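First comes the structure, then the notes that go with it.
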Amino acid sequence: MKKILVLLIVFVFAGCNTENCDQINNKKFNSYSEAKQYVETFDFQLSEEENLQLSSWMSKANYYSCDGLVGYFTYETKKGKNYIYRNVPLEVWQGFKNADSRGGFYNQNIKGRFILVLDK
């Protein structure tokens, strides 16, 4: 009986975490600055940054994930512009980090495939 109760409690909490991740991954924003502030200040389970000193146009990229499956991919250009993409799979982030050409990987695997839709 105790095992069933423990399993039930674990299942309920796991369901809540999954629901919360869905809400976080699909949160609506009114502006890019609101999205950027939210993503950079939320306490995600996974938060990684890549310094892109060798890139000709990207200065840094970050990945934030609530569940380790999908998350927010952000990058900053050398000119100071910021971009945010939502629901990017962890495998895409790992591919980006390991790519010989990060800009080439971005253009081929991220740009135009993932977007952040503003709630306007």
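Identifiers for the structure tokens are assigned positionally: chains receive A, B, ... in sequence, residues are indexed from 1 per chain, and ligands are indexed from 1 in the order shown.
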
Legend entry - Those in chain A with strand (DSSP E) from DSSP, as a ChimeraX atom specification: /A:46-51,58-65,70-77,82-89

Inset, instruction - Just list the residues in chain A DSSP gives helix (DSSP H, G or I) on the backbone, as an NGL selection string. - result: :A and (2-25 or 32-41 or 90-98 or 102-109)

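Closest approach to Tyr63 of chain A among A:Asp43, A:Ser101, A:Trp93, A:Lys79: A:Trp93, based on only C-alpha atoms.
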
Legend entry - A:Ser55, A:Asn109, A:Asn20, A:Thr74 ranked by distance to Arg86 of chain A, top pick (using only C-alpha atoms): A:Thr74

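Considering only C-alpha atoms, the residue among A:Ala99, A:Leu52, A:Ile84, A:Ile24 positioned nearest to Ser65 of chain A is A:Ile24.
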
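You can rank A:Asp22, A:Pro89, A:Glu34, A:Tyr75 by their closest distance to Glu49 of chain A using only C-alpha atoms, and at the top of that list sits A:Tyr75.
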
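Our summary of the geometry notes that atom CA of Asn51 of chain A is positioned 27.3 Å from atom CA of Leu118 of chain A.
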
Inset, instruction - Find the spatial neighbours of Asn87 of chain A, counting only C-alpha atoms, within a cut-off of 9 Å - ignore same-chain residues fewer than 5 positions away - and output them as a PyMOL selection string. - result: chain A and resi 25-26+65+69-73+114-116

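In this comparison, which uses only C-alpha atoms, the residue of A:Asn82, A:Thr77, A:Gln94, A:Asn62 approaching Phe44 of chain A most closely is A:Asn62.
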
Legend entry - Pick from A:Ser31, A:Tyr83, A:Tyr64, A:Met58 nearest to Gly104 of chain A, counting only C-alpha atoms: A:Met58
